[in-house]
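K.L.:
Structure file start.pdb (PDB, C-alpha atoms, pLDDT in the B column) is given on the next line.
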ATOM      1  CA  ALA Z   1       9.835 -15.375   3.535  1.00 71.00           C
ATOM      2  CA  GLN Z   2       9.473 -12.168   1.599  1.00 82.00           C
ATOM      3  CA  LYS Z   3      10.890  -8.849   2.541  1.00 92.00           C
ATOM      4  CA  VAL Z   4      11.272  -5.397   1.061  1.00 97.00           C
ATOM      5  CA  THR Z   5      14.032  -3.081   2.187  1.00 97.00           C
ATOM      6  CA  GLN Z   6      14.146   0.627   1.527  1.00 97.00           C
ATOM      7  CA  ALA Z   7      17.385   1.591   3.184  1.00 96.00           C
ATOM      8  CA  GLN Z   8      16.982   5.324   2.625  1.00 97.00           C
ATOM      9  CA  THR Z   9      14.708   6.664   5.323  1.00 96.00           C
ATOM     10  CA  GLU Z  10      14.827  10.297   4.248  1.00 97.00           C
ATOM     11  CA  ILE Z  11      16.243  12.092   1.251  1.00 98.00           C
ATOM     12  CA  SER Z  12      16.407  15.827   0.753  1.00 98.00           C
ATOM     13  CA  VAL Z  13      17.200  17.385  -2.622  1.00 97.00           C
ATOM     14  CA  VAL Z  14      16.952  20.763  -4.238  1.00 97.00           C
ATOM     15  CA  GLU Z  15      14.506  21.251  -7.058  1.00 97.00           C
ATOM     16  CA  LYS Z  16      15.724  20.075 -10.479  1.00 97.00           C
ATOM     17  CA  GLU Z  17      18.122  17.553  -9.008  1.00 97.00           C
ATOM     18  CA  ASP Z  18      17.775  13.906 -10.003  1.00 97.00           C
ATOM     19  CA  VAL Z  19      17.088  11.471  -7.189  1.00 97.00           C
ATOM     20  CA  THR Z  20      17.049   7.674  -6.986  1.00 98.00           C
ATOM     21  CA  LEU Z  21      15.072   5.749  -4.415  1.00 98.00           C
ATOM     22  CA  ASP Z  22      16.395   2.278  -3.706  1.00 98.00           C
ATOM     23  CA  CYS Z  23      14.358  -0.872  -3.196  1.00 98.00           C
ATOM     24  CA  VAL Z  24      15.773  -4.317  -2.501  1.00 98.00           C
ATOM     25  CA  TYR Z  25      13.527  -7.335  -2.114  1.00 97.00           C
ATOM     26  CA  GLU Z  26      13.778 -10.934  -0.984  1.00 95.00           C
ATOM     27  CA  THR Z  27      11.597 -13.779  -2.167  1.00 93.00           C
ATOM     28  CA  ARG Z  28      11.985 -17.453  -2.996  1.00 91.00           C
ATOM     29  CA  ASP Z  29       9.232 -17.354  -5.578  1.00 90.00           C
ATOM     30  CA  THR Z  30       9.999 -17.133  -9.271  1.00 90.00           C
ATOM     31  CA  THR Z  31       6.748 -15.361 -10.051  1.00 91.00           C
ATOM     32  CA  TYR Z  32       6.142 -12.117  -8.248  1.00 93.00           C
ATOM     33  CA  TYR Z  33       5.149  -8.538  -8.807  1.00 94.00           C
ATOM     34  CA  LEU Z  34       6.762  -5.344  -7.617  1.00 94.00           C
ATOM     35  CA  PHE Z  35       4.991  -2.055  -7.089  1.00 95.00           C
ATOM     36  CA  TRP Z  36       5.767   1.534  -6.224  1.00 97.00           C
ATOM     37  CA  TYR Z  37       3.264   3.750  -4.430  1.00 97.00           C
ATOM     38  CA  LYS Z  38       3.453   7.428  -3.528  1.00 97.00           C
ATOM     39  CA  GLN Z  39       2.013   8.882  -0.333  1.00 97.00           C
ATOM     40  CA  PRO Z  40       1.852  12.690  -0.533  1.00 95.00           C
ATOM     41  CA  PRO Z  41       1.376  14.796   2.603  1.00 93.00           C
ATOM     42  CA  SER Z  42      -2.406  14.519   2.169  1.00 91.00           C
ATOM     43  CA  GLY Z  43      -2.070  10.845   3.103  1.00 92.00           C
ATOM     44  CA  GLU Z  44      -3.557   8.809   0.281  1.00 94.00           C
ATOM     45  CA  LEU Z  45      -1.593   6.007  -1.381  1.00 96.00           C
ATOM     46  CA  VAL Z  46      -1.206   6.511  -5.100  1.00 96.00           C
ATOM     47  CA  PHE Z  47      -0.202   3.668  -7.400  1.00 95.00           C
ATOM     48  CA  LEU Z  48       2.754   4.470  -9.653  1.00 95.00           C
ATOM     49  CA  ILE Z  49       3.945   1.293 -11.359  1.00 93.00           C
ATOM     50  CA  ARG Z  50       3.717  -2.494 -11.434  1.00 93.00           C
ATOM     51  CA  ARG Z  51       6.418  -4.811 -12.740  1.00 93.00           C
ATOM     52  CA  ASN Z  52       6.382  -8.596 -13.008  1.00 91.00           C
ATOM     53  CA  SER Z  53       9.379 -10.800 -12.311  1.00 91.00           C
ATOM     54  CA  PHE Z  54       9.733 -11.882 -15.925  1.00 90.00           C
ATOM     55  CA  ASP Z  55       9.956  -8.423 -17.388  1.00 86.00           C
ATOM     56  CA  GLU Z  56      13.278  -6.754 -16.749  1.00 83.00           C
ATOM     57  CA  GLN Z  57      12.693  -3.927 -19.173  1.00 83.00           C
ATOM     58  CA  ASN Z  58      13.226  -0.551 -17.657  1.00 85.00           C
ATOM     59  CA  GLU Z  59      10.296   1.788 -17.772  1.00 86.00           C
ATOM     60  CA  ILE Z  60      10.101   5.518 -18.243  1.00 87.00           C
ATOM     61  CA  SER Z  61       7.055   7.651 -17.647  1.00 88.00           C
ATOM     62  CA  GLY Z  62       7.722  11.344 -17.997  1.00 92.00           C
ATOM     63  CA  ARG Z  63      10.206  12.320 -15.303  1.00 94.00           C
ATOM     64  CA  TYR Z  64       9.884   8.937 -13.607  1.00 95.00           C
ATOM     65  CA  SER Z  65      11.914   5.864 -14.488  1.00 94.00           C
ATOM     66  CA  TRP Z  66      12.297   2.457 -12.940  1.00 94.00           C
ATOM     67  CA  ASN Z  67      15.239   0.071 -13.080  1.00 94.00           C
ATOM     68  CA  PHE Z  68      14.481  -3.566 -12.327  1.00 94.00           C
ATOM     69  CA  GLN Z  69      17.454  -5.902 -11.896  1.00 94.00           C
ATOM     70  CA  LYS Z  70      16.752  -9.482 -10.886  1.00 92.00           C
ATOM     71  CA  SER Z  71      20.448 -10.215 -10.461  1.00 92.00           C
ATOM     72  CA  THR Z  72      20.605  -7.796  -7.544  1.00 95.00           C
ATOM     73  CA  SER Z  73      16.940  -8.138  -6.478  1.00 95.00           C
ATOM     74  CA  SER Z  74      16.469  -4.436  -6.865  1.00 96.00           C
ATOM     75  CA  PHE Z  75      13.714  -2.251  -8.257  1.00 96.00           C
ATOM     76  CA  ASN Z  76      14.955   1.321  -8.068  1.00 96.00           C
ATOM     77  CA  PHE Z  77      12.974   4.449  -8.850  1.00 96.00           C
ATOM     78  CA  THR Z  78      14.507   7.604 -10.303  1.00 96.00           C
ATOM     79  CA  ILE Z  79      12.907  11.018 -10.499  1.00 96.00           C
ATOM     80  CA  THR Z  80      14.577  13.284 -13.017  1.00 96.00           C
ATOM     81  CA  ALA Z  81      14.538  17.057 -12.516  1.00 97.00           C
ATOM     82  CA  SER Z  82      12.670  16.776  -9.235  1.00 97.00           C
ATOM     83  CA  GLN Z  83       9.919  19.223  -8.355  1.00 97.00           C
ATOM     84  CA  VAL Z  84       8.452  20.374  -5.054  1.00 97.00           C
ATOM     85  CA  VAL Z  85       5.287  18.393  -5.844  1.00 96.00           C
ATOM     86  CA  ASP Z  86       7.372  15.215  -5.759  1.00 97.00           C
ATOM     87  CA  SER Z  87       7.748  15.625  -2.002  1.00 97.00           C
ATOM     88  CA  ALA Z  88       6.118  12.541  -0.527  1.00 98.00           C
ATOM     89  CA  VAL Z  89       6.813   9.183   1.030  1.00 98.00           C
ATOM     90  CA  TYR Z  90       7.470   6.507  -1.557  1.00 98.00           C
ATOM     91  CA  PHE Z  91       6.801   2.858  -0.884  1.00 98.00           C
ATOM     92  CA  CYS Z  92       8.087  -0.179  -2.708  1.00 98.00           C
ATOM     93  CA  ALA Z  93       5.978  -3.335  -2.341  1.00 97.00           C
ATOM     94  CA  LEU Z  94       6.193  -7.010  -3.282  1.00 95.00           C
ATOM     95  CA  ARG Z  95       3.395  -9.435  -3.993  1.00 93.00           C
ATOM     96  CA  ASN Z  96       4.141 -13.084  -4.618  1.00 84.00           C
ATOM     97  CA  SER Z  97       2.133 -16.127  -3.675  1.00 75.00           C
ATOM     98  CA  GLY Z  98       0.087 -14.457  -0.985  1.00 72.00           C
ATOM     99  CA  TYR Z  99      -2.753 -12.022  -1.181  1.00 78.00           C
ATOM    100  CA  ALA Z 100      -1.117  -9.128   0.575  1.00 89.00           C
ATOM    101  CA  LEU Z 101       1.252  -6.467  -0.536  1.00 93.00           C
ATOM    102  CA  ASN Z 102       4.453  -6.542   1.499  1.00 94.00           C
ATOM    103  CA  PHE Z 103       5.589  -2.980   1.860  1.00 96.00           C
ATOM    104  CA  GLY Z 104       8.968  -1.522   2.624  1.00 97.00           C
ATOM    105  CA  LYS Z 105       9.244   1.097   5.355  1.00 96.00           C
ATOM    106  CA  GLY Z 106       9.165   3.876   2.795  1.00 97.00           C
ATOM    107  CA  THR Z 107      11.513   6.681   1.792  1.00 98.00           C
ATOM    108  CA  SER Z 108      10.525  10.221   2.641  1.00 98.00           C
ATOM    109  CA  LEU Z 109      11.554  12.579  -0.141  1.00 98.00           C
ATOM    110  CA  LEU Z 110      11.719  16.314   0.443  1.00 98.00           C
ATOM    111  CA  VAL Z 111      12.272  18.563  -2.548  1.00 97.00           C
ATOM    112  CA  THR Z 112      13.046  22.156  -1.651  1.00 97.00           C
ATOM    113  CA  PRO Z 113      12.873  25.140  -4.004  1.00 95.00           C
TER     114      PRO Z 113
ATOM    115  CA  ASP A   1      -8.886   9.666  -7.418  1.00 86.00           C
ATOM    116  CA  SER A   2      -8.566   5.872  -7.203  1.00 87.00           C
ATOM    117  CA  GLY A   3     -12.312   5.248  -7.140  1.00 94.00           C
ATOM    118  CA  VAL A   4     -12.122   3.623  -3.703  1.00 97.00           C
ATOM    119  CA  THR A   5     -14.042   5.520  -1.045  1.00 97.00           C
ATOM    120  CA  GLN A   6     -13.629   5.353   2.700  1.00 98.00           C
ATOM    121  CA  THR A   7     -15.631   6.909   5.492  1.00 97.00           C
ATOM    122  CA  PRO A   8     -15.126   8.579   7.811  1.00 97.00           C
ATOM    123  CA  LYS A   9     -11.914  10.452   7.013  1.00 97.00           C
ATOM    124  CA  HIS A  10     -11.141  11.101  10.640  1.00 97.00           C
ATOM    125  CA  LEU A  11     -12.312   9.428  13.816  1.00 97.00           C
ATOM    126  CA  ILE A  12     -11.526  10.363  17.396  1.00 98.00           C
ATOM    127  CA  THR A  13     -12.661   8.066  20.144  1.00 98.00           C
ATOM    128  CA  ALA A  14     -11.750   6.850  23.599  1.00 98.00           C
ATOM    129  CA  THR A  15     -10.099   3.697  24.837  1.00 98.00           C
ATOM    130  CA  GLY A  16     -12.469   0.796  25.239  1.00 97.00           C
ATOM    131  CA  GLN A  17     -14.816   2.020  22.543  1.00 98.00           C
ATOM    132  CA  ARG A  18     -15.847   0.352  19.296  1.00 98.00           C
ATOM    133  CA  VAL A  19     -15.769   1.914  15.823  1.00 98.00           C
ATOM    134  CA  THR A  20     -16.701   0.876  12.313  1.00 98.00           C
ATOM    135  CA  LEU A  21     -14.778   1.923   9.229  1.00 98.00           C
ATOM    136  CA  ARG A  22     -16.460   1.684   5.869  1.00 98.00           C
ATOM    137  CA  CYS A  23     -15.060   1.095   2.401  1.00 98.00           C
ATOM    138  CA  SER A  24     -16.588   1.024  -1.069  1.00 98.00           C
ATOM    139  CA  PRO A  25     -14.395  -0.584  -3.745  1.00 98.00           C
ATOM    140  CA  ARG A  26     -13.907   0.628  -7.289  1.00 97.00           C
ATOM    141  CA  SER A  27     -16.738  -0.237  -9.610  1.00 96.00           C
ATOM    142  CA  GLY A  28     -16.293  -3.829 -10.805  1.00 95.00           C
ATOM    143  CA  ASP A  29     -13.731  -4.825  -8.193  1.00 97.00           C
ATOM    144  CA  LEU A  30     -14.602  -7.891  -6.146  1.00 97.00           C
ATOM    145  CA  SER A  31     -11.642  -7.937  -3.763  1.00 96.00           C
ATOM    146  CA  VAL A  32     -11.261  -5.661  -0.785  1.00 97.00           C
ATOM    147  CA  TYR A  33      -8.162  -5.458   1.399  1.00 97.00           C
ATOM    148  CA  TRP A  34      -7.629  -3.682   4.710  1.00 97.00           C
ATOM    149  CA  TYR A  35      -4.246  -2.314   5.780  1.00 97.00           C
ATOM    150  CA  GLN A  36      -3.080  -0.494   8.886  1.00 97.00           C
ATOM    151  CA  GLN A  37      -0.377   2.162   8.749  1.00 97.00           C
ATOM    152  CA  SER A  38       1.303   3.102  12.004  1.00 95.00           C
ATOM    153  CA  LEU A  39       4.584   4.829  12.739  1.00 89.00           C
ATOM    154  CA  ASP A  40       6.190   1.821  14.382  1.00 88.00           C
ATOM    155  CA  GLN A  41       4.789  -1.010  12.236  1.00 89.00           C
ATOM    156  CA  GLY A  42       4.572   0.677   8.858  1.00 93.00           C
ATOM    157  CA  LEU A  43       1.977  -0.598   6.382  1.00 96.00           C
ATOM    158  CA  GLN A  44       0.586  -3.945   7.492  1.00 95.00           C
ATOM    159  CA  PHE A  45      -1.979  -6.155   5.803  1.00 95.00           C
ATOM    160  CA  LEU A  46      -4.952  -6.993   7.977  1.00 96.00           C
ATOM    161  CA  ILE A  47      -7.487  -8.973   5.963  1.00 96.00           C
ATOM    162  CA  GLN A  48      -8.865  -9.606   2.492  1.00 95.00           C
ATOM    163  CA  TYR A  49     -12.351 -10.385   1.213  1.00 96.00           C
ATOM    164  CA  TYR A  50     -13.329 -11.594  -2.217  1.00 96.00           C
ATOM    165  CA  ASN A  51     -16.950 -11.446  -3.315  1.00 96.00           C
ATOM    166  CA  GLY A  52     -18.213 -11.641   0.239  1.00 96.00           C
ATOM    167  CA  GLU A  53     -15.888 -14.334   1.520  1.00 96.00           C
ATOM    168  CA  GLU A  54     -12.814 -13.975   3.677  1.00 95.00           C
ATOM    169  CA  ARG A  55      -9.738 -14.982   1.661  1.00 93.00           C
ATOM    170  CA  ALA A  56      -6.704 -14.110   3.734  1.00 92.00           C
ATOM    171  CA  LYS A  57      -5.771 -12.874   7.154  1.00 93.00           C
ATOM    172  CA  GLY A  58      -2.679 -10.978   8.089  1.00 92.00           C
ATOM    173  CA  ASN A  59      -1.715  -9.349  11.351  1.00 85.00           C
ATOM    174  CA  ILE A  60      -5.269  -8.691  12.443  1.00 94.00           C
ATOM    175  CA  LEU A  61      -6.012  -8.620  16.146  1.00 95.00           C
ATOM    176  CA  GLU A  62      -8.860 -10.681  17.572  1.00 96.00           C
ATOM    177  CA  ARG A  63     -10.511  -7.418  18.648  1.00 97.00           C
ATOM    178  CA  PHE A  64     -10.794  -6.504  14.975  1.00 97.00           C
ATOM    179  CA  SER A  65     -13.213  -8.029  12.515  1.00 97.00           C
ATOM    180  CA  ALA A  66     -14.382  -7.297   9.019  1.00 97.00           C
ATOM    181  CA  GLN A  67     -17.018  -8.289   6.531  1.00 97.00           C
ATOM    182  CA  GLN A  68     -17.948  -7.696   2.929  1.00 98.00           C
ATOM    183  CA  PHE A  69     -21.584  -7.217   2.055  1.00 97.00           C
ATOM    184  CA  PRO A  70     -23.535  -8.341  -1.033  1.00 96.00           C
ATOM    185  CA  ASP A  71     -23.124  -4.882  -2.582  1.00 96.00           C
ATOM    186  CA  LEU A  72     -19.347  -5.450  -2.120  1.00 97.00           C
ATOM    187  CA  HIS A  73     -18.748  -2.656   0.330  1.00 97.00           C
ATOM    188  CA  SER A  74     -16.738  -3.668   3.366  1.00 98.00           C
ATOM    189  CA  GLU A  75     -16.624  -2.697   7.002  1.00 98.00           C
ATOM    190  CA  LEU A  76     -13.796  -3.030   9.464  1.00 98.00           C
ATOM    191  CA  ASN A  77     -14.888  -3.200  13.081  1.00 98.00           C
ATOM    192  CA  LEU A  78     -12.430  -2.302  15.810  1.00 98.00           C
ATOM    193  CA  SER A  79     -13.463  -2.978  19.394  1.00 97.00           C
ATOM    194  CA  SER A  80     -12.042  -2.532  22.886  1.00 97.00           C
ATOM    195  CA  LEU A  81      -9.852   0.149  21.410  1.00 98.00           C
ATOM    196  CA  GLU A  82      -6.416   0.823  22.853  1.00 97.00           C
ATOM    197  CA  LEU A  83      -4.096   3.778  22.440  1.00 96.00           C
ATOM    198  CA  GLY A  84      -1.912   1.666  20.172  1.00 95.00           C
ATOM    199  CA  ASP A  85      -4.744   1.231  17.684  1.00 97.00           C
ATOM    200  CA  SER A  86      -4.327   4.838  16.632  1.00 97.00           C
ATOM    201  CA  ALA A  87      -3.300   4.613  13.001  1.00 97.00           C
ATOM    202  CA  LEU A  88      -4.276   5.280   9.414  1.00 98.00           C
ATOM    203  CA  TYR A  89      -6.494   2.496   8.094  1.00 98.00           C
ATOM    204  CA  PHE A  90      -6.557   1.931   4.370  1.00 98.00           C
ATOM    205  CA  CYS A  91      -8.916  -0.018   2.236  1.00 98.00           C
ATOM    206  CA  ALA A  92      -7.792  -1.197  -1.194  1.00 97.00           C
ATOM    207  CA  SER A  93      -9.591  -3.001  -3.975  1.00 97.00           C
ATOM    208  CA  SER A  94      -8.727  -5.066  -7.016  1.00 95.00           C
ATOM    209  CA  LEU A  95     -10.670  -6.918  -9.659  1.00 94.00           C
ATOM    210  CA  GLY A  96      -9.968 -10.395  -8.315  1.00 90.00           C
ATOM    211  CA  THR A  97      -7.310 -12.257  -6.407  1.00 88.00           C
ATOM    212  CA  SER A  98      -4.510 -12.671  -8.939  1.00 88.00           C
ATOM    213  CA  ILE A  99      -1.112 -11.502  -7.737  1.00 86.00           C
ATOM    214  CA  ARG A 100      -0.668  -9.514 -10.936  1.00 87.00           C
ATOM    215  CA  GLU A 101      -3.577  -7.233 -10.114  1.00 89.00           C
ATOM    216  CA  THR A 102      -2.901  -3.766  -8.822  1.00 93.00           C
ATOM    217  CA  GLN A 103      -4.486  -2.831  -5.545  1.00 96.00           C
ATOM    218  CA  TYR A 104      -5.953   0.663  -5.596  1.00 96.00           C
ATOM    219  CA  PHE A 105      -6.125   2.411  -2.274  1.00 97.00           C
ATOM    220  CA  GLY A 106      -8.742   4.650  -0.756  1.00 96.00           C
ATOM    221  CA  PRO A 107      -7.886   7.903   1.028  1.00 96.00           C
ATOM    222  CA  GLY A 108      -7.765   6.193   4.415  1.00 97.00           C
ATOM    223  CA  THR A 109      -9.449   6.705   7.770  1.00 98.00           C
ATOM    224  CA  ARG A 110      -7.304   8.341  10.413  1.00 97.00           C
ATOM    225  CA  LEU A 111      -8.193   6.897  13.812  1.00 98.00           C
ATOM    226  CA  LEU A 112      -7.110   8.571  17.026  1.00 98.00           C
ATOM    227  CA  VAL A 113      -7.761   6.757  20.283  1.00 97.00           C
ATOM    228  CA  LEU A 114      -7.509   8.975  23.362  1.00 97.00           C
TER     229      LEU A 114
END
Output the file's structure as structure tokens, nothing else.
P.N.:
Amino acid sequence: AQKVTQAQTEISVVEKEDVTLDCVYETRDTTYYLFWYKQPPSGELVFLIRRNSFDEQNEISGRYSWNFQKSTSSFNFTITASQVVDSAVYFCALRNSGYALNFGKGTSLLVTP
Amino acid sequence: DSGVTQTPKHLITATGQRVTLRCSPRSGDLSVYWYQQSLDQGLQFLIQYYNGEERAKGNILERFSAQQFPDLHSELNLSSLELGDSALYFCASSLGTSIRETQYFGPGTRLLVL
């Protein structure tokens, strides 16, 4: 069975703080893909990043960075110098042998000025 | 803008009614997925179509059905609606069926059943 756990339900930070969103997954497959999506208050789901199970390189995109560690089955997401526009719900998702994305419950991030 | 379009954006209806949600995938994408987002269940996969054929079913109720047409747009039909069907329904598309492909989501249809 596959499962994605985002233990942090809500996080509140002040602008310019760094924040890390945790994602832990479970799967028996050796080939799988991990994703992060952002859902701003307007409601749409915006794709942020995809990572395959064979690539443990960390990735940085502007203020966003992702840390993938197979040893701990984690795919954590860090926002550096957070901004109010980062306020959203962030979802981690796993796709392995099936067709569907298995989503975590999401972490609601609130960045206040 | 993901390139996936969904109509309508909002839908308010009564219990027992039937509604149809429509989705147009990104240009070139052959796969369409439907997901339901509710407060208690989170984001749940309902069904997937690839080039007109059903490929996978998730937690889709028997009262719900979907199809993908030759022009690749898809419709999700919800019938005998109940209060608990109130949710945000997303359509997503991808090029094919490979697990490495990213699914791009539409803006969603917010359904309220009164």
K.L.:
Convert the output of the PyMOL selection byres ((chain Z and resi 24-35) around 8) on the shown file into explicit residues, formatted as a ChimeraX atom specification.
P.N.:
/Z:1-6,22-23,36-37,47-54,72-76,92-97 /A:99-100
K.L.:
Mind pulling up the distance from CA of Lys16 in chain Z to CA of Ser82 in chain Z?
P.N.:
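These atoms are spaced 4.7 Å apart.
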K.L.:
Given the file shown, enumerate the residues that the PyMOL selection byres ((chain Z and resi 43) around 10) captures and present them as a PDB file with C-alpha atoms, in the frame of the given file.
P.N.:
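Result file follows (part_33.pdb):
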ATOM      1  CA  LYS Z  38       3.453   7.428  -3.528  1.00 97.00           C
ATOM      2  CA  GLN Z  39       2.013   8.882  -0.333  1.00 97.00           C
ATOM      3  CA  PRO Z  40       1.852  12.690  -0.533  1.00 95.00           C
ATOM      4  CA  PRO Z  41       1.376  14.796   2.603  1.00 93.00           C
ATOM      5  CA  SER Z  42      -2.406  14.519   2.169  1.00 91.00           C
ATOM      6  CA  GLU Z  44      -3.557   8.809   0.281  1.00 94.00           C
ATOM      7  CA  LEU Z  45      -1.593   6.007  -1.381  1.00 96.00           C
ATOM      8  CA  VAL Z  46      -1.206   6.511  -5.100  1.00 96.00           C
ATOM      9  CA  ALA Z  88       6.118  12.541  -0.527  1.00 98.00           C
ATOM     10  CA  VAL Z  89       6.813   9.183   1.030  1.00 98.00           C
TER      11      VAL Z  89
ATOM     12  CA  LEU A  88      -4.276   5.280   9.414  1.00 98.00           C
ATOM     13  CA  GLY A 106      -8.742   4.650  -0.756  1.00 96.00           C
ATOM     14  CA  PRO A 107      -7.886   7.903   1.028  1.00 96.00           C
ATOM     15  CA  GLY A 108      -7.765   6.193   4.415  1.00 97.00           C
ATOM     16  CA  THR A 109      -9.449   6.705   7.770  1.00 98.00           C
ATOM     17  CA  ARG A 110      -7.304   8.341  10.413  1.00 97.00           C
TER      18      ARG A 110
END
K.L.:
With all atoms listed in the file counted and 10 Å as the cut-off, give the residues of range 61-85 of chain A in contact with range 25-39 of chain A, each with its shortest interatomic distance in Å and the pair that gives it, as CSV.
P.N.:
residue,atom,partner,partner_atom,distance
A:Ala66,CA,A:Trp34,CA,8.8
A:Gln67,CA,A:Val32,CA,9.7
A:Gln68,CA,A:Val32,CA,7.9
A:Asp71,CA,A:Leu30,CA,9.7
A:Leu72,CA,A:Leu30,CA,6.7
A:His73,CA,A:Pro25,CA,6.3
A:Ser74,CA,A:Val32,CA,7.2
A:Glu75,CA,A:Trp34,CA,9.3
A:Leu76,CA,A:Trp34,CA,7.8
A:Gly84,CA,A:Ser38,CA,8.9
A:Asp85,CA,A:Ser38,CA,8.5
K.L.:
For chain A, list the residues within 12 Å of chain Z, counting all atoms listed in the file, and write the list as an MDAnalysis selection string.
P.N.:
chainID A and resid 1:6 9:10 31:50 54:59 87:94 96:110
K.L.:
One decimal, Å: what's the distance from CA of Glu10 in chain Z over to CA of Val113 in chain A, could you say?
P.N.:
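Computing the Euclidean distance for CA of Glu10 in chain Z and CA of Val113 in chain A yields 27.9 Å.
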K.L.:
Evaluate the PyMOL selection byres ((chain Z and resi 56) around 7) here and jot the selected residues down as a PyMOL selection string.
P.N.:
chain Z and resi 54-55+57-58+68-69
K.L.:
If I take CA of Leu109 in chain Z and CA of Cys23 in chain A, how far is one from the other in Å, to one decimal?
P.N.:
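Going from CA of Leu109 in chain Z over to CA of Cys23 in chain A covers 29.1 Å.
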K.L.:
Taking all atoms of range 97-110 of chain Z that the file lists, what box with edges along x, y and z, padded by 3 Å per side, do you get, with centre and edge lengths in Å to one decimal, as lines of an AutoDock Vina configuration file?
P.N.:
center_x = 4.5
center_y = 0.1
center_z = 0.8
size_x = 20.5
size_y = 38.4
size_z = 15.0
K.L.:
Which residue gives the smallest distance to Asp86 in chain Z among Z:Val19, Z:Ile60, Z:Ser71, Z:Ala7, with only C-alpha atoms counted?
P.N.:
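Smallest separation from Asp86 in chain Z among the options: Z:Val19.
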K.L.:
Pick the closest to Thr112 in chain Z from Z:Leu21, Z:Ile11, Z:Ile79, Z:Val84: which is it, counting all atoms listed in the file?
P.N.:
Z:Val84
K.L.:
Kindly output range 12-25 of chain Z as a compact mmCIF listing (two decimals), keeping the file's coordinate frame, after building N, CA, C and O atoms.
P.N.:
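Output contents, as saved in selection_9.txt:
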# COMPACT_ATOMS: atom_id res chain seq x y z
N SER Z 12 16.74 14.43 1.00
CA SER Z 12 16.41 15.83 0.75
C SER Z 12 17.20 16.30 -0.45
O SER Z 12 18.42 16.12 -0.50
N VAL Z 13 16.53 16.87 -1.43
CA VAL Z 13 17.20 17.39 -2.62
C VAL Z 13 16.66 18.77 -2.93
O VAL Z 13 15.59 19.17 -2.44
N VAL Z 14 17.39 19.45 -3.76
CA VAL Z 14 16.95 20.76 -4.24
C VAL Z 14 16.27 20.56 -5.58
O VAL Z 14 16.66 19.69 -6.37
N GLU Z 15 15.26 21.36 -5.82
CA GLU Z 15 14.51 21.25 -7.06
C GLU Z 15 15.43 21.16 -8.26
O GLU Z 15 16.48 21.81 -8.31
N LYS Z 16 15.04 20.33 -9.21
CA LYS Z 16 15.72 20.08 -10.48
C LYS Z 16 16.85 19.05 -10.36
O LYS Z 16 17.39 18.64 -11.38
N GLU Z 17 17.15 18.64 -9.15
CA GLU Z 17 18.12 17.55 -9.01
C GLU Z 17 17.45 16.23 -9.36
O GLU Z 17 16.24 16.07 -9.22
N ASP Z 18 18.25 15.27 -9.80
CA ASP Z 18 17.77 13.91 -10.00
C ASP Z 18 17.93 13.15 -8.69
O ASP Z 18 18.88 13.38 -7.93
N VAL Z 19 17.01 12.23 -8.44
CA VAL Z 19 17.09 11.47 -7.19
C VAL Z 19 16.66 10.03 -7.46
O VAL Z 19 15.73 9.78 -8.23
N THR Z 20 17.38 9.09 -6.84
CA THR Z 20 17.05 7.67 -6.99
C THR Z 20 16.68 7.09 -5.64
O THR Z 20 17.42 7.24 -4.66
N LEU Z 21 15.55 6.42 -5.62
CA LEU Z 21 15.07 5.75 -4.42
C LEU Z 21 15.34 4.26 -4.58
O LEU Z 21 14.92 3.65 -5.57
N ASP Z 22 15.99 3.68 -3.59
CA ASP Z 22 16.40 2.28 -3.71
C ASP Z 22 15.36 1.34 -3.10
O ASP Z 22 14.71 1.66 -2.10
N CYS Z 23 15.24 0.17 -3.71
CA CYS Z 23 14.36 -0.87 -3.20
C CYS Z 23 15.02 -2.22 -3.44
O CYS Z 23 15.36 -2.54 -4.59
N VAL Z 24 15.21 -2.97 -2.39
CA VAL Z 24 15.77 -4.32 -2.50
C VAL Z 24 14.77 -5.29 -1.91
O VAL Z 24 14.19 -5.02 -0.86
N TYR Z 25 14.55 -6.40 -2.58
CA TYR Z 25 13.53 -7.34 -2.11
C TYR Z 25 14.10 -8.73 -1.95
O TYR Z 25 15.15 -9.06 -2.52
